[in-house]
Structure formats: structure tokens, C-alpha cells
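Undergrad: I have a structure here, written as C-alpha cells, and I will follow up with some questions on it.
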Amino acid sequence: MPIRKVAVVGAGVMGAGIAQLCLQKGIKVSLYDASPEASCGAAGRIKKGIEEAAARGKIASGDIARILGSVSYVKSLSELSSADLIIEAVAEDLAAKKSLFERLGRIAPGAILATNTSSLSVAAIAEGAAAPERVLGLHFFNPPVATKLVEIVRAPKTSADAFKAARDFVASLGKIPIQAKDKPGFIVNRVMRPYYLACQRLVSKRCPPALLDHAARKTGGVPMGPFELMDLIGLDVNLAITKVIYDSLGRPERLKPQPLQETLVARGHWGRKTGKGFYLYADGKIAGENPEALSHLSELGPPPEEAWDKTIGAVILEAQLAHDTGIASREDIDTAIKLAMNFPRGPFEWRQRAAR
């Protein structure tokens, strides 16, 4: 079935970003959030995003008013009844998502229901829905307008028709859809988990976060080192995903949340959004290392280049484990990591390069 009318539930950063992406592709969007303040904030973000897209030549400046006129900020879930596709982008809370999908299944009996969860089980979210065959995962990455990858997660009861319609829709947005098994973290968040964990085990006063990040950029050619990236994502958000994956996979030692990050999160040092994470920030830019983070480092550890090699090695190992358990093919894992992370190569390509 063709998807012409899209609804987004959740007007946070991801919800607003998904809405903007659809709008720029000429799709009408209804946006709902239980909080009027969140809807107001989303309206501002979408307007700013559309204007920036016009300034970069992505859309014609004369189309700004028309595009902004194609979004409706609705006040009730019942106003989403005519949507062809409803994308949920609320907080990562399984009980809240299950309750929401139960309501959406009744309100919009003809719509495909998609969750933007980054780590929770799609099958579990679909349990309360009246028609679980219409439920699947559409995992967009931040920012949705710029990131090329969308993971499509087909739960055991997802119908072939719903999956095909969702896949065609993602392609119509100019994105690359890659199917992921309904397993903890799917492809990217599962494979990349050691990127955020191994580095914390390896840093020391000899190799603080700034030096490891520098080695990652210089030696690995990645756009951001692991500590810079965690600060951008939000240490709190990143830690929450780690905990879900760690618990869901039976608490393997290699994926155990690290005390350094847990301490910073507990003290409100969540990264760029709070002005403090592994780094300090001023006007959104790094203004030095965070003394609080440095104070928890051990005296000894490997030098920066070796720490980087061990960090990317842990990612390669996780990619192999994910492949061995049927999450995705080697080719899809490499493609997903390159598209989502903007890495110069995927983990299997990295392993092949290192073996030469």
C-alpha cells in the first residue's frame, strides 16, 4: 500500500527530525505529543531545520511556507486515525510503548505502526496491539534528515505487505533500508556498543579521553572519537541503551556498563546538552576536558594508538558475534556501520585491512 499520510507520535529531537525529513520529501505529517510544550519546541526546530535546508540549497526557498503548512500539530491521538503510517518516537520505556501501540491499533485500524526504538524488542512492543502483523521497527538515526541508514526490524508477526510498504517508504525518503533481526540493539547499537565500553576500560591518566579520541580520528579516520560521540549522543541516553542490551543479552562481561560513565550520569554530566560530559562545553563547542572525568582515571593504561586498536578490535569482535547469531550479513553490517557512523569502513572491512 502506498504511504501518503504519516503521523509521528513524540515531538522530541527524533520525532521532530523524522517529521522534517518527511516534509522535505513532500509528505504531509501529523505530529502529536502529550506535552504542548514539546509540540511547541518541535515546531521551532522544524521551522529552523527547513530554513537551514533552504539555505543549503536542499529545498527551494519559495517552498518553505508550503512545506511548513504541510504539518499539523494535533492535540489528540484520535486525530491520527486516517494515517497510513504512524511512527512512534517516545522515550525508551517498554511499558509506555506497549500501552501506546495498544491505543494506536484501535485508533488507526488501517495504519502500519512503526516504532523508532533503538534497542527494545519490537515483538514485545507489538504484544498489546490489536493487529501485530502491522507492527515493525523503523529505526532512524540522529539526525534523520542527514543520516542515510534506516534499520527496518521485522518482528515474527510482521506481515510481508507491511514490511514491503515500509521498505518502499524508506527508499522514497532517499534513505537506505537495511533489515535487522529483532534482537537487542539490532545492528548498529549492538555492534557499536564496545566502541563506547572498551574505550572506558582502556583510558588512564597516560591516555585520557582526549588522546584516545585524537588517535581515533588520526589513526582510524573516524569523524568522532568514542568520548566525543558519547557526549553528542548524551551520556544518559547512551548508558540507557547499554543497560538494555547488557540485560537482554544475559549480562556478558564485555558489555557491562562502566563505572566512569555511570558516575558522570549520576552527577548530571550528560554531555553537550548539560555543558559537561567527558568534556566541558561553551557555546556548544569543546572547551577542555572535564576534571570530574579525569579524576576517576587509573594511573596506568596502554598508549593512545594501542588503546584505539583495542577499541576498534572490540567492535570487530562484536560484529562477528552479531553475524554468527544471525543478526545480519557481513555486508549489511559493514554497510550499516558506515552509513550510521560515517566510518571509512565497516568492521569486517577493517579486519580484512588489518590482515594485509
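By convention here, the chains of the C-alpha cells are called A, B, ... in the order presented, each chain's residues are numbered starting at 1, and ligands are numbered starting at 1 in the order presented.
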Which of segment 41-233 of chain A counts as strand (DSSP E or B) under DSSP, as a list in words please?
TA: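 Answer for segment 41-233 of chain A, restricted to strand (DSSP E or B): Val71, Ser72, Tyr73, Val74, Leu85, Ile86, Ile87, Glu88, Ile112, Leu113, Ala114, Thr115, Val135, Leu136, Gly137, Leu138, His139, Phe140, Leu149, Val150, Glu151, Ile152, Val153, Ile176, Pro177, Ile178, Gln179 and Ala180 of chain A.
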Undergrad: Name the residues of segment 185-282 of chain A that fall into helix (DSSP H, G or I) according to DSSP on the backbone, using the chain letters and numbers of this document, as an mmCIF file with N, CA and C atoms, in the first residue's frame.
TA:
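Output below, filename part04.cif:
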```cif
data_model
loop_
_atom_site.group_PDB
_atom_site.id
_atom_site.type_symbol
_atom_site.label_atom_id
_atom_site.label_comp_id
_atom_site.auth_asym_id
_atom_site.auth_seq_id
_atom_site.Cartn_x
_atom_site.Cartn_y
_atom_site.Cartn_z
ATOM 1 N N VAL A 188 23.341 -1.675 14.495
ATOM 2 C CA VAL A 188 24.303 -0.625 14.828
ATOM 3 C C VAL A 188 24.528 -0.510 16.327
ATOM 4 N N ASN A 189 23.475 -0.406 17.103
ATOM 5 C CA ASN A 189 23.665 -0.235 18.546
ATOM 6 C C ASN A 189 24.284 -1.469 19.187
ATOM 7 N N ARG A 190 24.026 -2.641 18.629
ATOM 8 C CA ARG A 190 24.665 -3.865 19.151
ATOM 9 C C ARG A 190 26.152 -3.873 18.805
ATOM 10 N N VAL A 191 26.469 -3.719 17.523
ATOM 11 C CA VAL A 191 27.859 -3.824 17.076
ATOM 12 C C VAL A 191 28.721 -2.702 17.645
ATOM 13 N N ARG A 193 28.332 -1.120 20.498
ATOM 14 C CA ARG A 193 28.361 -0.997 21.959
ATOM 15 C C ARG A 193 29.794 -1.014 22.508
ATOM 16 N N PRO A 194 30.685 -1.907 22.019
ATOM 17 C CA PRO A 194 32.063 -1.887 22.551
ATOM 18 C C PRO A 194 32.820 -0.598 22.241
ATOM 19 N N TYR A 195 32.370 0.138 21.225
ATOM 20 C CA TYR A 195 33.023 1.412 20.912
ATOM 21 C C TYR A 195 32.938 2.359 22.106
ATOM 22 N N TYR A 196 31.839 2.241 22.846
ATOM 23 C CA TYR A 196 31.614 3.115 23.995
ATOM 24 C C TYR A 196 32.093 2.495 25.306
ATOM 25 N N LEU A 197 32.289 1.175 25.328
ATOM 26 C CA LEU A 197 32.635 0.492 26.569
ATOM 27 C C LEU A 197 34.119 0.153 26.668
ATOM 28 N N ALA A 198 34.676 -0.415 25.588
ATOM 29 C CA ALA A 198 36.096 -0.789 25.622
ATOM 30 C C ALA A 198 36.975 0.431 25.872
ATOM 31 N N CYS A 199 36.609 1.550 25.256
ATOM 32 C CA CYS A 199 37.424 2.761 25.422
ATOM 33 C C CYS A 199 37.473 3.207 26.878
ATOM 34 N N GLN A 200 36.370 3.019 27.606
ATOM 35 C CA GLN A 200 36.352 3.424 29.019
ATOM 36 C C GLN A 200 37.234 2.528 29.875
ATOM 37 N N ARG A 201 37.334 1.259 29.479
ATOM 38 C CA ARG A 201 38.206 0.352 30.224
ATOM 39 C C ARG A 201 39.682 0.633 29.938
ATOM 40 N N LEU A 202 39.966 1.306 28.824
ATOM 41 C CA LEU A 202 41.341 1.497 28.368
ATOM 42 C C LEU A 202 41.929 2.862 28.716
ATOM 43 N N PRO A 209 40.642 10.639 27.750
ATOM 44 C CA PRO A 209 39.709 10.622 26.624
ATOM 45 C C PRO A 209 40.151 11.453 25.423
ATOM 46 N N ALA A 210 40.724 12.615 25.643
ATOM 47 C CA ALA A 210 41.107 13.475 24.517
ATOM 48 C C ALA A 210 42.172 12.824 23.645
ATOM 49 N N LEU A 211 43.112 12.119 24.259
ATOM 50 C CA LEU A 211 44.171 11.475 23.476
ATOM 51 C C LEU A 211 43.642 10.260 22.725
ATOM 52 N N LEU A 212 42.734 9.503 23.345
ATOM 53 C CA LEU A 212 42.164 8.362 22.640
ATOM 54 C C LEU A 212 41.296 8.850 21.472
ATOM 55 N N ASP A 213 40.512 9.896 21.700
ATOM 56 C CA ASP A 213 39.697 10.454 20.616
ATOM 57 C C ASP A 213 40.574 10.950 19.462
ATOM 58 N N HIS A 214 41.690 11.570 19.807
ATOM 59 C CA HIS A 214 42.613 12.052 18.774
ATOM 60 C C HIS A 214 43.165 10.877 17.969
ATOM 61 N N ALA A 215 43.530 9.790 18.649
ATOM 62 C CA ALA A 215 44.037 8.604 17.960
ATOM 63 C C ALA A 215 42.959 7.998 17.060
ATOM 64 N N ALA A 216 41.712 8.035 17.521
ATOM 65 C CA ALA A 216 40.611 7.501 16.718
ATOM 66 C C ALA A 216 40.463 8.273 15.413
ATOM 67 N N ARG A 217 40.556 9.599 15.510
ATOM 68 C CA ARG A 217 40.417 10.425 14.305
ATOM 69 C C ARG A 217 41.641 10.305 13.405
ATOM 70 N N LYS A 218 42.834 10.348 13.997
ATOM 71 C CA LYS A 218 44.064 10.355 13.210
ATOM 72 C C LYS A 218 44.377 8.978 12.630
ATOM 73 N N THR A 219 44.306 7.955 13.465
ATOM 74 C CA THR A 219 44.665 6.604 13.031
ATOM 75 C C THR A 219 43.498 5.891 12.361
ATOM 76 N N GLY A 220 42.324 6.036 12.949
ATOM 77 C CA GLY A 220 41.158 5.334 12.413
ATOM 78 C C GLY A 220 40.417 6.073 11.319
ATOM 79 N N PRO A 226 35.211 7.982 20.430
ATOM 80 C CA PRO A 226 34.099 7.462 21.238
ATOM 81 C C PRO A 226 33.618 8.406 22.333
ATOM 82 N N PHE A 227 34.524 9.150 22.970
ATOM 83 C CA PHE A 227 34.100 10.033 24.058
ATOM 84 C C PHE A 227 33.387 11.275 23.513
ATOM 85 N N GLU A 228 33.887 11.821 22.412
ATOM 86 C CA GLU A 228 33.187 12.934 21.755
ATOM 87 C C GLU A 228 31.785 12.501 21.349
ATOM 88 N N LEU A 229 31.689 11.288 20.810
ATOM 89 C CA LEU A 229 30.407 10.806 20.320
ATOM 90 C C LEU A 229 29.425 10.561 21.457
ATOM 91 N N MET A 230 29.907 9.992 22.552
ATOM 92 C CA MET A 230 29.013 9.793 23.702
ATOM 93 C C MET A 230 28.490 11.122 24.227
ATOM 94 N N ASP A 231 29.339 12.138 24.268
ATOM 95 C CA ASP A 231 28.892 13.462 24.701
ATOM 96 C C ASP A 231 27.831 14.016 23.767
ATOM 97 N N LEU A 232 27.976 13.751 22.470
ATOM 98 C CA LEU A 232 26.998 14.239 21.499
ATOM 99 C C LEU A 232 25.671 13.498 21.647
ATOM 100 N N ILE A 233 25.727 12.189 21.777
ATOM 101 C CA ILE A 233 24.515 11.377 21.936
ATOM 102 C C ILE A 233 23.810 11.722 23.247
ATOM 103 N N LEU A 235 25.329 11.139 27.484
ATOM 104 C CA LEU A 235 25.812 10.008 28.274
ATOM 105 C C LEU A 235 24.666 9.238 28.909
ATOM 106 N N ASP A 236 23.598 9.944 29.276
ATOM 107 C CA ASP A 236 22.440 9.289 29.883
ATOM 108 C C ASP A 236 21.722 8.383 28.896
ATOM 109 N N VAL A 237 21.516 8.879 27.675
ATOM 110 C CA VAL A 237 20.847 8.092 26.630
ATOM 111 C C VAL A 237 21.703 6.890 26.255
ATOM 112 N N ASN A 238 22.988 7.140 26.063
ATOM 113 C CA ASN A 238 23.909 6.073 25.691
ATOM 114 C C ASN A 238 23.958 4.987 26.757
ATOM 115 N N LEU A 239 23.987 5.395 28.021
ATOM 116 C CA LEU A 239 24.029 4.429 29.117
ATOM 117 C C LEU A 239 22.742 3.615 29.187
ATOM 118 N N ALA A 240 21.608 4.252 28.959
ATOM 119 C CA ALA A 240 20.327 3.540 28.989
ATOM 120 C C ALA A 240 20.285 2.444 27.927
ATOM 121 N N ILE A 241 20.794 2.743 26.732
ATOM 122 C CA ILE A 241 20.829 1.742 25.667
ATOM 123 C C ILE A 241 21.764 0.607 26.048
ATOM 124 N N THR A 242 22.920 0.957 26.618
ATOM 125 C CA THR A 242 23.869 -0.073 27.062
ATOM 126 C C THR A 242 23.206 -1.016 28.057
ATOM 127 N N LYS A 243 22.464 -0.472 29.013
ATOM 128 C CA LYS A 243 21.832 -1.300 30.038
ATOM 129 C C LYS A 243 20.799 -2.251 29.435
ATOM 130 N N VAL A 244 20.020 -1.764 28.465
ATOM 131 C CA VAL A 244 19.015 -2.616 27.819
ATOM 132 C C VAL A 244 19.695 -3.780 27.109
ATOM 133 N N ILE A 245 20.724 -3.471 26.330
ATOM 134 C CA ILE A 245 21.417 -4.516 25.571
ATOM 135 C C ILE A 245 22.131 -5.490 26.514
ATOM 136 N N TYR A 246 22.794 -4.963 27.521
ATOM 137 C CA TYR A 246 23.505 -5.787 28.509
ATOM 138 C C TYR A 246 22.555 -6.770 29.189
ATOM 139 N N ASP A 247 21.420 -6.271 29.673
ATOM 140 C CA ASP A 247 20.446 -7.141 30.346
ATOM 141 C C ASP A 247 19.824 -8.139 29.382
ATOM 142 N N SER A 248 19.483 -7.674 28.172
ATOM 143 C CA SER A 248 18.788 -8.529 27.205
ATOM 144 C C SER A 248 19.663 -9.667 26.696
ATOM 145 N N GLU A 253 30.097 -9.926 30.293
ATOM 146 C CA GLU A 253 31.072 -9.015 30.898
ATOM 147 C C GLU A 253 31.535 -7.951 29.916
ATOM 148 N N ARG A 254 31.671 -8.297 28.630
ATOM 149 C CA ARG A 254 32.209 -7.352 27.646
ATOM 150 C C ARG A 254 31.284 -6.161 27.413
ATOM 151 N N LEU A 255 29.987 -6.317 27.751
ATOM 152 C CA LEU A 255 29.011 -5.255 27.518
ATOM 153 C C LEU A 255 28.521 -4.627 28.823
ATOM 154 N N PRO A 259 31.728 2.022 35.293
ATOM 155 C CA PRO A 259 31.581 2.935 36.436
ATOM 156 C C PRO A 259 31.851 4.399 36.083
ATOM 157 N N LEU A 260 32.794 4.660 35.184
ATOM 158 C CA LEU A 260 33.117 6.032 34.823
ATOM 159 C C LEU A 260 31.888 6.738 34.263
ATOM 160 N N GLN A 261 31.217 6.109 33.307
ATOM 161 C CA GLN A 261 30.027 6.708 32.709
ATOM 162 C C GLN A 261 28.882 6.772 33.717
ATOM 163 N N GLU A 262 28.709 5.726 34.497
ATOM 164 C CA GLU A 262 27.636 5.712 35.497
ATOM 165 C C GLU A 262 27.809 6.846 36.500
ATOM 166 N N THR A 263 29.045 7.099 36.901
ATOM 167 C CA THR A 263 29.312 8.183 37.857
ATOM 168 C C THR A 263 28.975 9.537 37.259
ATOM 169 N N LEU A 264 29.410 9.768 36.031
ATOM 170 C CA LEU A 264 29.133 11.051 35.385
ATOM 171 C C LEU A 264 27.635 11.263 35.193
ATOM 172 N N VAL A 265 26.932 10.215 34.775
ATOM 173 C CA VAL A 265 25.478 10.330 34.577
ATOM 174 C C VAL A 265 24.785 10.634 35.899
ATOM 175 N N ALA A 266 25.185 9.953 36.953
ATOM 176 C CA ALA A 266 24.566 10.172 38.272
ATOM 177 C C ALA A 266 24.763 11.601 38.760
ATOM 178 N N ARG A 272 27.028 17.298 25.897
ATOM 179 C CA ARG A 272 26.835 18.644 25.348
ATOM 180 C C ARG A 272 25.593 19.330 25.893
ATOM 181 N N LYS A 273 24.517 18.557 26.068
ATOM 182 C CA LYS A 273 23.245 19.176 26.464
ATOM 183 C C LYS A 273 23.282 19.755 27.876
ATOM 184 N N THR A 274 24.225 19.296 28.710
ATOM 185 C CA THR A 274 24.341 19.852 30.059
ATOM 186 C C THR A 274 25.623 20.675 30.227
#
```
Undergrad: Would you mind reading off the distance between atom CA of Asn142 of chain A and atom CA of Cys207 of chain A, one decimal, in Å?
TA: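 According to the coordinates, atom CA of Asn142 of chain A and atom CA of Cys207 of chain A are separated by 29.1 Å.
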Undergrad: Skip segment 122-138 of chain A itself and residues of its chain fewer than 5 positions away, then list as an MDAnalysis selection string all residues within 10 Å of it, counting only C-alpha atoms.
TA: chainID A and resid 85:89 93:106 109:117 150:163 166:167 170 177:184 186
Undergrad: Residues as selected, N, CA and C atoms, written as a compact mmCIF listing (two decimals), in the first residue's frame, can you do that?
TA:
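Saved the output as again03.txt:
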```txt
# COMPACT_ATOMS: atom_id res chain seq x y z
N LEU A 85 0.72 5.54 7.96
CA LEU A 85 1.87 5.08 8.75
C LEU A 85 1.98 5.96 9.98
N ILE A 86 2.09 5.33 11.14
CA ILE A 86 2.32 6.07 12.38
C ILE A 86 3.68 5.64 12.93
N ILE A 87 4.56 6.61 13.13
CA ILE A 87 5.89 6.34 13.65
C ILE A 87 5.97 6.84 15.08
N GLU A 88 6.22 5.93 15.99
CA GLU A 88 6.35 6.28 17.41
C GLU A 88 7.79 6.64 17.73
N ALA A 89 7.98 7.79 18.38
CA ALA A 89 9.32 8.24 18.76
C ALA A 89 9.29 8.80 20.18
N ASP A 93 10.85 3.34 26.87
CA ASP A 93 10.19 2.71 28.01
C ASP A 93 9.23 1.66 27.45
N LEU A 94 9.52 0.40 27.69
CA LEU A 94 8.74 -0.67 27.07
C LEU A 94 7.27 -0.61 27.45
N ALA A 95 6.97 -0.41 28.73
CA ALA A 95 5.57 -0.38 29.16
C ALA A 95 4.81 0.75 28.48
N ALA A 96 5.44 1.92 28.38
CA ALA A 96 4.79 3.08 27.74
C ALA A 96 4.56 2.81 26.26
N LYS A 97 5.52 2.19 25.59
CA LYS A 97 5.37 1.91 24.17
C LYS A 97 4.28 0.87 23.93
N LYS A 98 4.23 -0.18 24.76
CA LYS A 98 3.19 -1.20 24.60
C LYS A 98 1.80 -0.60 24.77
N SER A 99 1.65 0.25 25.77
CA SER A 99 0.37 0.90 26.01
C SER A 99 -0.03 1.79 24.83
N LEU A 100 0.95 2.52 24.31
CA LEU A 100 0.68 3.40 23.17
C LEU A 100 0.27 2.60 21.94
N PHE A 101 0.94 1.50 21.65
CA PHE A 101 0.61 0.70 20.47
C PHE A 101 -0.75 0.03 20.61
N GLU A 102 -1.12 -0.30 21.82
CA GLU A 102 -2.46 -0.85 22.04
C GLU A 102 -3.52 0.19 21.66
N ARG A 103 -3.30 1.44 22.04
CA ARG A 103 -4.24 2.52 21.70
C ARG A 103 -4.22 2.81 20.22
N LEU A 104 -3.03 2.87 19.63
CA LEU A 104 -2.93 3.20 18.21
C LEU A 104 -3.58 2.13 17.34
N GLY A 105 -3.47 0.88 17.76
CA GLY A 105 -4.08 -0.21 16.99
C GLY A 105 -5.59 -0.06 16.89
N ARG A 106 -6.21 0.50 17.95
CA ARG A 106 -7.66 0.73 17.92
C ARG A 106 -8.00 2.00 17.16
N PRO A 109 -7.00 1.56 12.61
CA PRO A 109 -7.01 0.13 12.27
C PRO A 109 -6.40 -0.20 10.91
N GLY A 110 -6.18 0.80 10.06
CA GLY A 110 -5.60 0.52 8.76
C GLY A 110 -4.15 0.93 8.62
N ALA A 111 -3.57 1.49 9.67
CA ALA A 111 -2.23 2.05 9.57
C ALA A 111 -1.14 1.02 9.91
N ILE A 112 0.00 1.19 9.28
CA ILE A 112 1.20 0.49 9.70
C ILE A 112 1.73 1.23 10.93
N LEU A 113 2.09 0.48 11.97
CA LEU A 113 2.57 1.08 13.21
C LEU A 113 4.06 0.77 13.35
N ALA A 114 4.86 1.80 13.39
CA ALA A 114 6.32 1.63 13.44
C ALA A 114 6.88 2.25 14.71
N THR A 115 7.79 1.55 15.33
CA THR A 115 8.50 2.09 16.49
C THR A 115 9.90 2.49 16.09
N ASN A 116 10.35 3.63 16.60
CA ASN A 116 11.71 4.09 16.34
C ASN A 116 12.65 3.66 17.46
N THR A 117 12.26 2.63 18.22
CA THR A 117 13.11 2.17 19.31
C THR A 117 14.52 1.85 18.80
N VAL A 150 18.42 3.57 7.63
CA VAL A 150 17.26 3.26 8.46
C VAL A 150 17.22 1.75 8.64
N GLU A 151 17.28 1.29 9.88
CA GLU A 151 17.14 -0.13 10.15
C GLU A 151 15.65 -0.48 10.16
N ILE A 152 15.29 -1.49 9.37
CA ILE A 152 13.91 -1.98 9.38
C ILE A 152 13.89 -3.30 10.13
N VAL A 153 13.10 -3.35 11.18
CA VAL A 153 13.07 -4.52 12.05
C VAL A 153 11.74 -5.23 11.88
N ARG A 154 11.83 -6.44 11.36
CA ARG A 154 10.61 -7.24 11.13
C ARG A 154 10.44 -8.21 12.28
N ALA A 155 9.40 -7.98 13.06
CA ALA A 155 9.10 -8.88 14.17
C ALA A 155 8.50 -10.17 13.62
N PRO A 156 8.43 -11.23 14.43
CA PRO A 156 7.91 -12.52 13.93
C PRO A 156 6.52 -12.44 13.31
N LYS A 157 5.66 -11.55 13.80
CA LYS A 157 4.30 -11.47 13.27
C LYS A 157 4.09 -10.37 12.22
N THR A 158 5.14 -9.62 11.90
CA THR A 158 5.01 -8.56 10.90
C THR A 158 4.69 -9.17 9.54
N SER A 159 3.66 -8.65 8.88
CA SER A 159 3.26 -9.20 7.57
C SER A 159 4.23 -8.78 6.48
N ALA A 160 4.26 -9.57 5.42
CA ALA A 160 5.11 -9.24 4.26
C ALA A 160 4.67 -7.93 3.63
N ASP A 161 3.36 -7.68 3.59
CA ASP A 161 2.84 -6.45 2.97
C ASP A 161 3.28 -5.22 3.76
N ALA A 162 3.18 -5.31 5.08
CA ALA A 162 3.58 -4.16 5.91
C ALA A 162 5.07 -3.91 5.77
N PHE A 163 5.85 -4.97 5.76
CA PHE A 163 7.30 -4.82 5.63
C PHE A 163 7.67 -4.18 4.29
N ALA A 166 6.75 -0.48 4.19
CA ALA A 166 7.69 0.31 5.00
C ALA A 166 9.02 0.45 4.29
N ARG A 167 9.49 -0.62 3.68
CA ARG A 167 10.77 -0.58 2.97
C ARG A 167 10.70 0.39 1.78
N VAL A 170 10.76 3.98 3.11
CA VAL A 170 12.11 4.42 3.50
C VAL A 170 12.92 4.78 2.26
N PRO A 177 17.41 1.36 3.33
CA PRO A 177 16.84 0.47 4.34
C PRO A 177 17.64 -0.83 4.44
N ILE A 178 17.97 -1.21 5.66
CA ILE A 178 18.65 -2.48 5.89
C ILE A 178 17.87 -3.26 6.93
N GLN A 179 17.55 -4.51 6.60
CA GLN A 179 16.76 -5.32 7.53
C GLN A 179 17.63 -5.84 8.66
N ALA A 180 17.11 -5.71 9.87
CA ALA A 180 17.80 -6.22 11.05
C ALA A 180 16.87 -7.18 11.79
N LYS A 181 17.44 -8.21 12.38
CA LYS A 181 16.66 -9.13 13.19
C LYS A 181 16.20 -8.40 14.46
N ASP A 182 15.08 -8.86 15.00
CA ASP A 182 14.53 -8.26 16.21
C ASP A 182 15.28 -8.80 17.42
N LYS A 183 16.54 -8.36 17.53
CA LYS A 183 17.42 -8.75 18.62
C LYS A 183 17.93 -7.50 19.31
N PRO A 184 18.37 -7.59 20.57
CA PRO A 184 18.79 -6.40 21.32
C PRO A 184 19.81 -5.53 20.59
N PHE A 186 19.63 -4.36 17.65
CA PHE A 186 19.57 -4.54 16.19
C PHE A 186 20.99 -4.64 15.64
```
Undergrad: Quick one: pull the distance between atom CA of Ile286 of chain A and atom CA of Glu305 of chain A, Å, one decimal.
TA: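 Computing it gives 21.9 Å between the two atoms.
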Undergrad: Restricting the calculation to only C-alpha atoms: of A:Gln20, A:Ser204, A:Ser61, A:Ser70, which residue gets closest to Pro304 of chain A?
TA: A:Ser204
Undergrad: When you draw a straight line from atom CA of Val13 of chain A to atom CA of Arg267 of chain A, how long is it in Å?
TA: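 Atom-to-atom, atom CA of Val13 of chain A to atom CA of Arg267 of chain A, that is 23.2 Å.
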Undergrad: Looking at A:Leu300, A:Leu120, A:Leu317, A:Ala165, which one is nearest to Arg206 of chain A, with distances taken over only C-alpha atoms?
TA: A:Leu300
Undergrad: Nearest to Pro303 of chain A among A:Asp283, A:Glu318, A:Glu349, A:Lys205, with distances taken over only C-alpha atoms: which residue is it?
TA: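 Looking only at the distances to Pro303 of chain A, the closest residue turns out to be A:Lys205.
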Undergrad: Considering only C-alpha atoms, can you say which of A:Gly313, A:Pro344, A:Gly69, A:Gly15 comes closest to Gly221 of chain A?
TA: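 Residue with the minimum atom-to-atom distance to Gly221 of chain A: A:Pro344.
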